[in-house]
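Colleague: Please read through the structure below; I'll follow up with questions.
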Amino acid sequence: ADSPERTAELDAGMVALGKAVAGLRDELRVCWVLRELEGLGYTDIAHITGASEDAVRGRIHRARVQLAEVMRPWR
């Protein structure tokens with residue numbers, strides 16, 4: 001079982017991640033959520049968003065880079 005301190009740290013990290021995801025531009029956030037949380041493939045995401053697969057790949061990449069930067073203090 002985690003200590004109360006560790007639980008509080010994890011909770012704070014999840015809040016920070018939620019804020020970081022909310023801070024993404026809409027087109028990046030939608031693609032990232034569909035890929036990372038919903039587990040959809042690039043083709044499905046392209047169909048849902050009306051973007052090309054290359055655009056979806058780029059958006060997911062940019063979202064990951066931005067999230068990694070914002071979440072760097074939590075590593």
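Letters A, B, ... mark the chains of the structure tokens in the order given; residue numbers begin at 1 per chain; ligand numbers begin at 1, in order shown.
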Residues within 9 Å of A:Met71, please, as an MDAnalysis selection string. Count only C-alpha atoms; anything in the same chain fewer than 5 positions from it doesn't count.
Modeller: chainID A and resid 13 16:17 20 66
Colleague: Enumerate as a ChimeraX atom specification all residues of chain A assigned to helix (DSSP H, G or I) by DSSP on the backbone, naming them with the chain letters and numbers the document uses.
Modeller: /A:4-22,26-37,42-49,53-74
Colleague: Using only C-alpha atoms, which of the listed residues (A:Val33, A:Ala51, A:Val65, A:Ile60) sits closest to A:Gly18?
Modeller: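 When distances to A:Gly18 are compared using only C-alpha atoms, the smallest one comes from A:Val33.
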Colleague: Mind giving me the straight-line distance from atom CA of A:Leu37 to atom CA of A:Val21 in Å, one decimal?
Modeller: 11.6 Å
Colleague: From the set A:Glu69, A:Glu38, A:Trp74, A:Val30, which residue has the shortest atom-to-atom contact distance to A:Val56, counting only C-alpha atoms?
Modeller: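 Checking each candidate against A:Val56, we get A:Val30 as the closest.
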Colleague: Rank nothing, just name the residue among A:Cys31, A:Leu40, A:Ala22, A:Ala68 nearest to A:Ser52, using only C-alpha atoms.
Modeller: A:Cys31
Colleague: How many Å lie between atom CA of A:Thr49 and atom CA of A:Val70, rounded to one decimal?
Modeller: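 A separation of 25.1 Å between them.
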Colleague: Can you measure atom CA of A:Leu28 to atom CA of A:Ala55 for me? One decimal in Å is fine.
Modeller: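 Computing it gives 10.0 Å between the two atoms.
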Colleague: Could you pull the residues within 8 Å of A:Arg57, counting only C-alpha atoms, minus those fewer than 4 positions along the same chain, as a list in words?
Modeller: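 What passes the distance filter is Tyr42, Glu53 and His61 of chain A.
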Colleague: Keeping only N, CA, C and O atoms, write those residues as a PDB file, in the first residue's frame.
Modeller:
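Resulting contents of selection-v5.pdb:
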ATOM      1  N   TYR A  42      -4.525   5.156 -36.072  1.00  0.00           N
ATOM      2  CA  TYR A  42      -4.431   6.393 -36.845  1.00  0.00           C
ATOM      3  C   TYR A  42      -5.535   6.491 -37.902  1.00  0.00           C
ATOM      4  O   TYR A  42      -6.096   7.570 -38.121  1.00  0.00           O
ATOM      5  N   GLU A  53      -4.174  10.793 -42.232  1.00  0.00           N
ATOM      6  CA  GLU A  53      -3.402  10.018 -41.255  1.00  0.00           C
ATOM      7  C   GLU A  53      -2.099  10.718 -40.913  1.00  0.00           C
ATOM      8  O   GLU A  53      -1.663  10.691 -39.755  1.00  0.00           O
ATOM      9  N   HIS A  61       2.124  13.487 -32.211  1.00  0.00           N
ATOM     10  CA  HIS A  61       3.521  13.752 -31.877  1.00  0.00           C
ATOM     11  C   HIS A  61       3.656  15.096 -31.160  1.00  0.00           C
ATOM     12  O   HIS A  61       4.317  15.186 -30.112  1.00  0.00           O
TER      13      HIS A  61
END
Colleague: Using only C-alpha atoms for the distances, tell me which of A:Pro4, A:Gly50, A:Pro73, A:Gly41 is nearest to A:Glu27.
Modeller: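 Counting only C-alpha atoms, the residue closest to A:Glu27 is A:Gly50.
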